[in-house]
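> So here's coords.cif, just mmCIF, C-alpha atoms and all ligand atoms:
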data_query
loop_
_atom_site.label_atom_id
_atom_site.label_comp_id
_atom_site.auth_asym_id
_atom_site.auth_seq_id
_atom_site.Cartn_x
_atom_site.Cartn_y
_atom_site.Cartn_z
CA MET A 71 95.41 94.71 115.98
CA MET A 72 97.40 93.97 112.85
CA ARG A 73 101.18 93.86 113.16
CA ARG A 74 102.64 96.73 111.14
CA PRO A 75 104.52 95.29 108.15
CA ASP A 76 108.28 95.97 108.19
CA TRP A 77 108.10 97.72 104.83
CA LEU A 78 105.51 100.29 105.91
CA PRO A 79 107.21 103.60 106.78
CA PHE A 80 104.35 104.91 108.98
CA ASP A 81 101.83 103.78 111.57
CA PRO A 82 98.60 103.18 109.56
CA GLY A 83 96.55 103.70 112.71
CA GLY A 84 97.96 107.07 113.71
CA GLU A 85 97.25 110.67 112.79
CA PHE A 86 99.15 112.18 109.88
CA ARG A 87 99.88 115.49 108.20
CA LEU A 88 98.56 116.32 104.75
CA GLY A 89 99.36 119.81 103.48
CA PRO A 90 98.40 122.29 106.20
CA ARG A 91 96.34 119.82 108.30
CA VAL A 92 96.83 117.00 110.72
CA LEU A 93 94.11 114.40 110.16
CA PRO A 94 93.07 111.96 112.87
CA GLY A 95 93.42 108.86 110.67
CA ARG A 96 94.40 107.45 107.30
CA VAL A 97 91.12 105.61 106.62
CA TRP A 98 88.35 107.81 105.22
CA THR A 99 84.98 107.21 103.61
CA ALA A 100 84.69 108.05 99.89
CA SER A 101 82.39 110.72 98.50
CA GLY A 102 78.88 109.56 97.68
CA CYS A 103 79.11 106.39 99.75
CA PHE A 104 78.31 107.64 103.27
CA GLY A 105 75.89 110.50 102.54
CA TYR A 106 76.81 113.79 104.16
CA GLY A 107 78.35 112.10 107.20
CA LEU A 108 75.07 112.30 109.10
CA THR A 109 73.25 109.15 108.03
CA GLY A 110 75.46 107.02 110.30
CA ARG A 111 74.87 109.10 113.43
CA ASP A 112 72.10 106.85 114.78
CA ILE A 113 73.74 103.52 113.89
CA LYS A 114 75.44 101.63 116.69
CA ALA A 115 77.10 98.22 116.62
CA SER A 116 76.10 95.61 119.20
CA ASP A 117 79.34 96.42 121.09
CA GLY A 118 78.40 100.12 121.09
CA GLY A 119 80.83 101.01 118.27
CA SER A 120 79.99 103.77 115.80
CA PRO A 121 80.61 103.89 112.01
CA PHE A 122 82.73 107.00 112.67
CA ASP A 123 85.19 105.30 115.04
CA GLY A 124 88.77 105.92 113.98
CA LEU A 125 87.88 107.63 110.68
CA GLY A 126 90.33 110.22 109.38
CA ALA A 127 87.59 111.96 107.46
CA VAL A 128 84.21 111.56 105.86
CA VAL A 129 84.31 112.94 102.32
CA THR A 130 80.80 114.27 101.94
CA LYS A 131 78.59 113.62 98.88
CA THR A 132 79.60 115.97 96.09
CA ILE A 133 77.61 119.19 96.15
CA THR A 134 77.00 121.59 93.31
CA THR A 135 76.07 125.27 93.51
CA SER A 136 72.38 124.49 92.88
CA PRO A 137 70.56 121.36 94.07
CA ARG A 138 70.37 118.49 91.57
CA GLN A 139 67.68 115.83 91.19
CA GLY A 140 70.04 113.30 89.66
CA ASN A 141 69.34 110.71 86.98
CA PRO A 142 66.22 108.58 86.52
CA PRO A 143 66.24 105.09 88.09
CA PRO A 144 67.70 102.54 88.23
CA ARG A 145 70.72 104.33 89.65
CA ILE A 146 72.65 101.40 91.06
CA TRP A 147 73.12 98.04 89.41
CA ASP A 148 74.84 94.97 90.82
CA ALA A 149 77.16 93.97 88.00
CA GLY A 150 78.55 90.91 89.73
CA SER A 151 82.03 91.68 90.99
CA GLY A 152 81.37 95.41 91.05
CA ALA A 153 78.63 98.03 91.16
CA LEU A 154 77.48 100.26 88.31
CA ASN A 155 76.01 103.60 89.33
CA SER A 156 74.31 106.44 87.58
CA ILE A 157 73.42 108.79 90.43
CA GLY A 158 73.88 111.93 88.34
CA LEU A 159 75.15 114.01 91.27
CA GLU A 160 71.87 114.24 93.14
CA ASN A 161 72.61 116.62 95.99
CA VAL A 162 71.12 119.29 98.24
CA GLY A 163 73.11 122.18 96.76
CA LEU A 164 75.54 124.59 98.39
CA ASP A 165 73.01 126.68 100.37
CA ARG A 166 71.57 123.72 102.27
CA PHE A 167 75.02 122.22 102.73
CA VAL A 168 76.17 125.46 104.36
CA ASP A 169 72.99 126.14 106.36
CA GLU A 170 72.10 122.61 107.52
CA ILE A 171 74.85 120.06 106.95
CA ILE A 172 77.91 121.96 108.18
CA PRO A 173 76.28 122.94 111.52
CA ALA A 174 75.25 119.31 112.10
CA LEU A 175 78.73 118.00 111.24
CA ARG A 176 80.20 120.64 113.55
CA GLN A 177 77.90 119.59 116.37
CA ASP A 178 78.68 115.89 115.86
CA ARG A 179 82.43 116.66 115.65
CA VAL A 180 82.71 114.63 112.43
CA PRO A 181 86.07 115.12 110.67
CA PHE A 182 85.15 115.95 107.09
CA VAL A 183 86.35 116.99 103.66
CA ALA A 184 83.72 118.68 101.49
CA SER A 185 83.45 117.38 97.93
CA ILE A 186 82.44 120.00 95.39
CA ALA A 187 81.80 120.06 91.64
CA GLY A 188 81.39 122.91 89.21
CA THR A 189 81.24 123.52 85.51
CA ARG A 190 84.03 126.08 85.23
CA PRO A 191 87.17 126.84 87.25
CA GLY A 192 85.76 130.03 88.78
CA GLU A 193 82.84 128.09 90.24
CA PHE A 194 85.24 125.92 92.25
CA GLY A 195 86.73 129.13 93.64
CA ASP A 196 83.31 130.60 94.46
CA MET A 197 82.14 127.42 96.21
CA THR A 198 85.36 127.15 98.21
CA ARG A 199 84.98 130.77 99.33
CA ARG A 200 81.46 130.04 100.61
CA LEU A 201 82.72 126.99 102.50
CA VAL A 202 85.54 128.97 104.09
CA ALA A 203 83.07 131.64 105.20
CA ALA A 204 80.79 128.98 106.70
CA ALA A 205 83.30 126.59 108.25
CA ALA A 206 86.58 128.44 108.86
CA ASP A 207 86.01 128.11 112.63
CA CYS A 208 85.11 124.40 112.41
CA GLU A 209 88.22 122.54 113.58
CA HIS A 210 86.97 119.26 112.05
CA TRP A 211 86.66 120.67 108.53
CA HIS A 212 89.88 119.65 106.84
CA GLY A 213 89.37 120.89 103.31
CA VAL A 214 87.84 120.38 99.90
CA GLU A 215 87.99 117.58 97.37
CA LEU A 216 87.34 118.83 93.86
CA ASN A 217 85.30 116.25 91.98
CA LEU A 218 86.79 116.68 88.54
CA SER A 219 85.73 113.29 87.38
CA CYS A 220 82.09 112.36 87.68
CA PRO A 221 81.15 110.27 84.63
CA ASN A 222 77.38 110.58 85.08
CA VAL A 223 76.78 114.22 84.33
CA ALA A 224 76.19 115.37 80.78
CA HIS A 225 77.93 118.74 81.22
CA GLY A 226 81.02 119.34 83.29
CA GLY A 227 81.44 115.59 83.65
CA VAL A 228 84.19 113.30 82.62
CA ASP A 229 85.31 115.31 79.60
CA PHE A 230 85.70 118.29 81.87
CA GLY A 231 88.29 116.71 84.15
CA ARG A 232 90.10 114.94 81.34
CA ARG A 233 92.01 118.06 80.29
CA PRO A 234 95.16 118.83 82.33
CA GLU A 235 94.70 122.61 81.89
CA THR A 236 91.19 122.42 83.33
CA VAL A 237 92.41 120.42 86.31
CA ARG A 238 95.13 123.00 86.94
CA ASP A 239 92.74 125.96 86.61
CA CYS A 240 90.11 124.47 88.94
CA VAL A 241 92.71 123.66 91.58
CA GLU A 242 94.25 127.11 91.28
CA ALA A 243 90.85 128.75 91.76
CA ALA A 244 90.15 126.73 94.94
CA VAL A 245 93.68 127.10 96.35
CA ALA A 246 93.38 130.89 96.03
CA GLU A 247 90.52 130.84 98.55
CA VAL A 248 92.06 128.80 101.38
CA THR A 249 95.01 129.17 103.70
CA ASP A 250 94.85 126.41 106.28
CA ARG A 251 92.73 123.77 104.54
CA ILE A 252 93.62 120.93 102.16
CA VAL A 253 92.75 121.09 98.47
CA LEU A 254 92.56 117.65 96.85
CA ALA A 255 91.80 117.02 93.18
CA LYS A 256 89.80 113.84 92.58
CA LEU A 257 90.85 112.44 89.24
CA THR A 258 89.14 110.40 86.60
CA PRO A 259 90.79 107.10 85.68
CA ASN A 260 89.17 107.23 82.25
CA VAL A 261 92.21 108.77 80.54
CA ALA A 262 95.39 107.50 78.93
CA SER A 263 97.66 109.18 81.49
CA ILE A 264 96.32 109.93 84.96
CA ALA A 265 99.80 111.09 86.00
CA GLU A 266 99.47 114.03 83.58
CA LEU A 267 96.33 115.12 85.42
CA ALA A 268 98.10 114.77 88.76
CA THR A 269 101.00 116.87 87.53
CA ALA A 270 98.51 119.52 86.41
CA ALA A 271 96.91 119.42 89.89
CA ALA A 272 100.37 119.91 91.42
CA ASP A 273 100.96 122.87 89.09
CA GLY A 274 97.72 124.39 90.36
CA GLY A 275 98.91 124.06 93.97
CA ALA A 276 96.95 120.98 95.12
CA HIS A 277 98.09 119.38 98.37
CA GLY A 278 97.30 115.97 96.92
CA VAL A 279 95.06 114.00 94.60
CA THR A 280 92.39 111.42 95.22
CA ALA A 281 92.44 108.47 92.85
CA ILE A 282 90.37 106.94 91.49
CA ASN A 283 86.80 107.87 90.75
CA THR A 284 84.67 105.22 89.06
CA LEU A 285 85.61 103.59 85.77
CA LEU A 286 83.26 104.04 82.85
CA GLY A 287 81.18 100.87 82.66
CA MET A 288 78.06 99.30 81.19
CA ASP A 289 75.84 96.25 81.48
CA ILE A 290 73.07 94.85 79.30
CA ASP A 291 69.72 93.38 80.30
CA LEU A 292 69.51 90.30 78.06
CA ALA A 293 65.71 90.19 78.33
CA THR A 294 65.49 93.49 76.43
CA GLY A 295 68.93 93.77 74.82
CA GLN A 296 69.09 97.26 76.34
CA PRO A 297 71.57 98.86 78.73
CA VAL A 298 70.56 98.47 82.38
CA LEU A 299 71.27 102.14 83.13
CA PRO A 300 69.10 104.97 81.75
CA LEU A 301 72.08 106.90 80.33
CA ARG A 302 73.55 103.65 78.94
CA ARG A 303 76.90 103.93 80.73
CA GLY A 304 77.72 104.64 84.35
CA GLY A 305 80.46 104.45 86.95
CA TYR A 306 81.92 101.06 87.86
CA SER A 307 83.22 100.54 91.40
CA GLY A 308 83.83 97.89 94.05
CA PRO A 309 86.20 94.91 94.42
CA ALA A 310 86.70 94.42 90.66
CA ILE A 311 88.40 97.80 90.23
CA LEU A 312 91.02 97.42 92.99
CA PRO A 313 93.87 96.28 90.68
CA VAL A 314 93.09 99.14 88.27
CA ALA A 315 93.01 101.69 91.09
CA LEU A 316 96.30 100.38 92.48
CA ALA A 317 97.97 100.72 89.09
CA LYS A 318 96.69 104.31 88.73
CA VAL A 319 97.89 105.26 92.22
CA ASP A 320 101.26 103.67 91.50
CA GLU A 321 101.52 105.66 88.25
CA ILE A 322 100.73 108.94 90.01
CA VAL A 323 103.12 108.33 92.93
CA ARG A 324 105.98 107.44 90.62
CA GLU A 325 105.45 110.14 88.04
CA SER A 326 104.15 113.13 90.00
CA GLY A 327 105.38 112.69 93.57
CA LEU A 328 102.17 114.32 94.85
CA PRO A 329 100.53 112.76 97.94
CA VAL A 330 97.77 110.39 96.85
CA VAL A 331 94.64 109.37 98.71
CA GLY A 332 93.90 105.93 97.25
CA VAL A 333 90.39 104.68 96.57
CA GLY A 334 88.93 101.84 94.56
CA GLY A 335 87.66 98.46 95.69
CA ILE A 336 88.91 98.66 99.27
CA GLY A 337 86.98 96.43 101.67
CA SER A 338 89.57 95.21 104.16
CA ALA A 339 92.71 96.26 106.00
CA GLU A 340 94.73 94.07 103.63
CA ASP A 341 93.27 95.95 100.63
CA ALA A 342 94.19 99.26 102.26
CA LEU A 343 97.75 98.08 102.93
CA LYS A 344 98.22 97.43 99.21
CA PHE A 345 97.53 101.13 98.54
CA PHE A 346 99.96 102.15 101.30
CA ALA A 347 102.53 99.80 99.74
CA VAL A 348 102.47 101.71 96.44
CA GLY A 349 102.75 105.04 98.27
CA ALA A 350 99.23 106.25 99.10
CA VAL A 351 99.20 108.40 102.24
CA ALA A 352 95.57 107.61 103.07
CA VAL A 353 92.71 105.52 101.69
CA GLN A 354 88.99 105.91 101.13
CA VAL A 355 86.31 103.24 101.34
CA GLY A 356 83.41 103.59 98.89
CA THR A 357 81.18 100.77 97.68
CA SER A 358 82.09 98.57 100.65
CA GLN A 359 80.80 101.31 102.96
CA MET A 360 77.40 101.16 101.23
CA ASN A 361 77.20 97.41 101.86
CA ASP A 362 78.32 97.79 105.47
CA PRO A 363 78.41 101.22 107.17
CA PHE A 364 81.03 99.89 109.60
CA SER A 365 83.44 98.90 106.81
CA ALA A 366 85.79 101.90 107.02
CA ALA A 367 85.61 102.04 110.83
CA GLY A 368 86.40 98.32 110.92
CA ILE A 369 89.52 98.84 108.78
CA ALA A 370 90.59 101.78 110.95
CA GLY A 371 90.03 99.57 114.00
CA VAL A 372 92.35 96.89 112.63
CA PHE A 373 95.05 99.55 112.26
CA ASN A 374 94.61 101.35 115.57
CA GLY A 375 93.85 98.28 117.66
CA SER A 376 90.45 99.36 118.91
C1 LIG B 1 76.75 105.18 94.56
C2 LIG B 1 78.02 105.95 94.38
C3 LIG B 1 77.99 107.35 94.42
C4 LIG B 1 79.18 108.08 94.25
N1 LIG B 1 79.13 109.44 94.32
C5 LIG B 1 80.28 110.14 94.22
C6 LIG B 1 80.28 111.55 94.36
O1 LIG B 1 79.26 112.19 94.62
N2 LIG B 1 81.46 112.21 94.23
C7 LIG B 1 82.64 111.55 93.99
O2 LIG B 1 83.69 112.20 93.90
N3 LIG B 1 82.68 110.21 93.86
C8 LIG B 1 81.54 109.49 93.97
N4 LIG B 1 81.57 108.13 93.87
C9 LIG B 1 82.86 107.46 93.61
C10 LIG B 1 83.51 106.96 94.90
O3 LIG B 1 83.78 108.01 95.78
C11 LIG B 1 84.82 106.17 94.60
O4 LIG B 1 85.75 107.05 94.02
C12 LIG B 1 84.59 104.99 93.65
O5 LIG B 1 83.35 104.37 93.90
C13 LIG B 1 85.69 103.96 93.77
O6 LIG B 1 85.79 103.45 95.10
P1 LIG B 1 85.05 102.09 95.59
O7 LIG B 1 85.42 101.02 94.62
O8 LIG B 1 85.59 101.88 96.98
O9 LIG B 1 83.61 102.37 95.57
C14 LIG B 1 80.40 107.39 94.03
C15 LIG B 1 80.42 105.99 93.99
C16 LIG B 1 79.25 105.26 94.16
C17 LIG B 1 79.31 103.76 94.13
#
Any chance you could give the structure as structure tokens?
Ligand SMILES: Cc1cc2nc3c(=O)[nH]c(=O)nc-3n(C[C@H](O)[C@H](O)[C@H](O)COP(=O)(O)O)c2cc1C


Amino acid sequence: MMRRPDWLPFDPGGEFRLGPRVLPGRVWTASGCFGYGLTGRDIKASDGGSPFDGLGAVVTKTITTSPRQGNPPPRIWDAGSGALNSIGLENVGLDRFVDEIIPALRQDRVPFVASIAGTRPGEFGDMTRRLVAAAADCEHWHGVELNLSCPNVAHGGVDFGRRPETVRDCVEAAVAEVTDRIVLAKLTPNVASIAELATAAADGGAHGVTAINTLLGMDIDLATGQPVLPLRRGGYSGPAILPVALAKVDEIVRESGLPVVGVGGIGSAEDALKFFAVGAVAVQVGTSQMNDPFSAAGIAGVFNGS
């Protein structure tokens, strides 16, 4: 177990309150990087440990109202110190999420936050209402994360979440549907001022923001001179983006005062501590979780001594 640094005002291994909920831990998995929180159910470490041990929440893969096929391959590209992805929001859609995924998460007692995306503010409200109807009695469902920032979708993508008024309106629509669940706005870093977006989320009544989603990135195949991804550009993630993510979280904490769930390049307890140092209340593990499904649980284990 890691000794808690003197400067840290809380126990990183304990439960904590965020808005109306008490979550079991401050280390979560990031949306899109651990499926719907079910893929890890059959994985066991040699010591019997599970990828869910100590997790505060699994943020499930973003769902949209209708199922999506996603983008043509290749969808993930190893760009050296980071990963480029162009998934295009492939997902099962809201009906299957409600009918199949939520009951399984309930049965497995997985703490989760449901990530949702829409193309207009009212859709975020409609989707949240459906989730409340399906999961209001599920004690492990902690809330929604509004994906206002996916750079891989032609419509409703990054341009959508770049406007502060849109962020505010989407948050407001979701907040109107919930009483005892968290509403988080997940922000794009691909703007001049992410703090402006966070302030707009606060105006809409968000309990916090998640920062950051992937950075817009690109790579070239020198054999062809063409981009490696089918839509030319994609989302850049992994170790290389940690300093950028830290700076964005720092900006939001200092300028908006809203609780921030920090994400970007985290692969160790030391990485997570850096986000806590700038004021994040919790962290999410993304790309590292795809390389090693025990990554987030391992970080949580360092903090809670298991
Ligand atoms: C393959 C892949 C799929 C992702 N899918 C989603 C998604 O569906 N919704 C979302 O909000 N973020 C998605 N993300 C972004 C991550 O949740 C996270 O914000 C980003 O990757 C930065 O964290 P990391 O460096 O730890 O990966 C995805 C990232 C990757 C690499």

> Let me have the centre and edge lengths of the axis-aligned box enclosing all listed atoms of stretch 289-304 of chain A with 3 Å padding on every side, in Å to one decimal, as AutoDock Vina command-line options.


--center_x 71.6 --center_y 98.5 --center_z 79.6 --size_x 18.2 --size_y 22.7 --size_z 15.5

> Dump the neighbourhood of ligand LIG 1 (chain B) as a list of chain:residue names: all residues within 6 Å, distances computed on all atoms listed in the file.

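The neighbouring residues of ligand LIG 1 (chain B) are, in order, A:Ala100, A:Ser101, A:Gly102, A:Cys103, A:Lys131, A:Thr132, A:Asn155, A:Leu159, A:Asn217, A:Ile282, A:Asn283, A:Thr284, A:Ser307, A:Gly308, A:Val333, A:Gly334, A:Gly335, A:Ile336, A:Val355, A:Gly356, A:Thr357.
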
> Near A:Ala187, within 7 Å and counting all atoms listed in the file, which residues show up once chain neighbours fewer than 5 positions away are dropped, as a PyMOL selection string?

chain A and resi 132-134+194+216-218

> May I have the residues from that selection written out with C-alpha atoms, as a PDB file, in the frame of the given file?


ATOM      1  CA  THR A 132      79.600 115.970  96.090  1.00  0.00           C
ATOM      2  CA  ILE A 133      77.610 119.190  96.150  1.00  0.00           C
ATOM      3  CA  THR A 134      77.000 121.590  93.310  1.00  0.00           C
ATOM      4  CA  PHE A 194      85.240 125.920  92.250  1.00  0.00           C
ATOM      5  CA  LEU A 216      87.340 118.830  93.860  1.00  0.00           C
ATOM      6  CA  ASN A 217      85.300 116.250  91.980  1.00  0.00           C
ATOM      7  CA  LEU A 218      86.790 116.680  88.540  1.00  0.00           C
TER       8      LEU A 218
END

> In terms of the shortest atom-to-atom distance over all atoms listed in the file, which of A:His277, A:Arg199, A:Lys318, A:Arg111 is closest to A:Leu257?

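Once distances to A:Leu257 are computed over all atoms listed in the file, the minimum belongs to A:Lys318.
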
> Which residue, A:Leu154, A:Met360, A:Val168, A:Leu78, has the smallest gap to A:Met288 when you use all atoms listed in the file?

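For A:Met288, the nearest of the candidates is A:Leu154.
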
> Tell me, as a ChimeraX atom specification, which residues lie within 9 Å of A:Ile369, counting only C-alpha atoms; anything in the same chain fewer than 2 positions away does not count.

/A:97,124,337-340,342,364-367,371-374

> Within 12 Å of (85.6, 127.3, 109.1) (coordinates as in the file), grab all the protein and nucleic acid residues, counting only C-alpha atoms, and write them out as number ranges by chain.

A: 168, 172-173, 175-176, 182-184, 198-214, 248-251
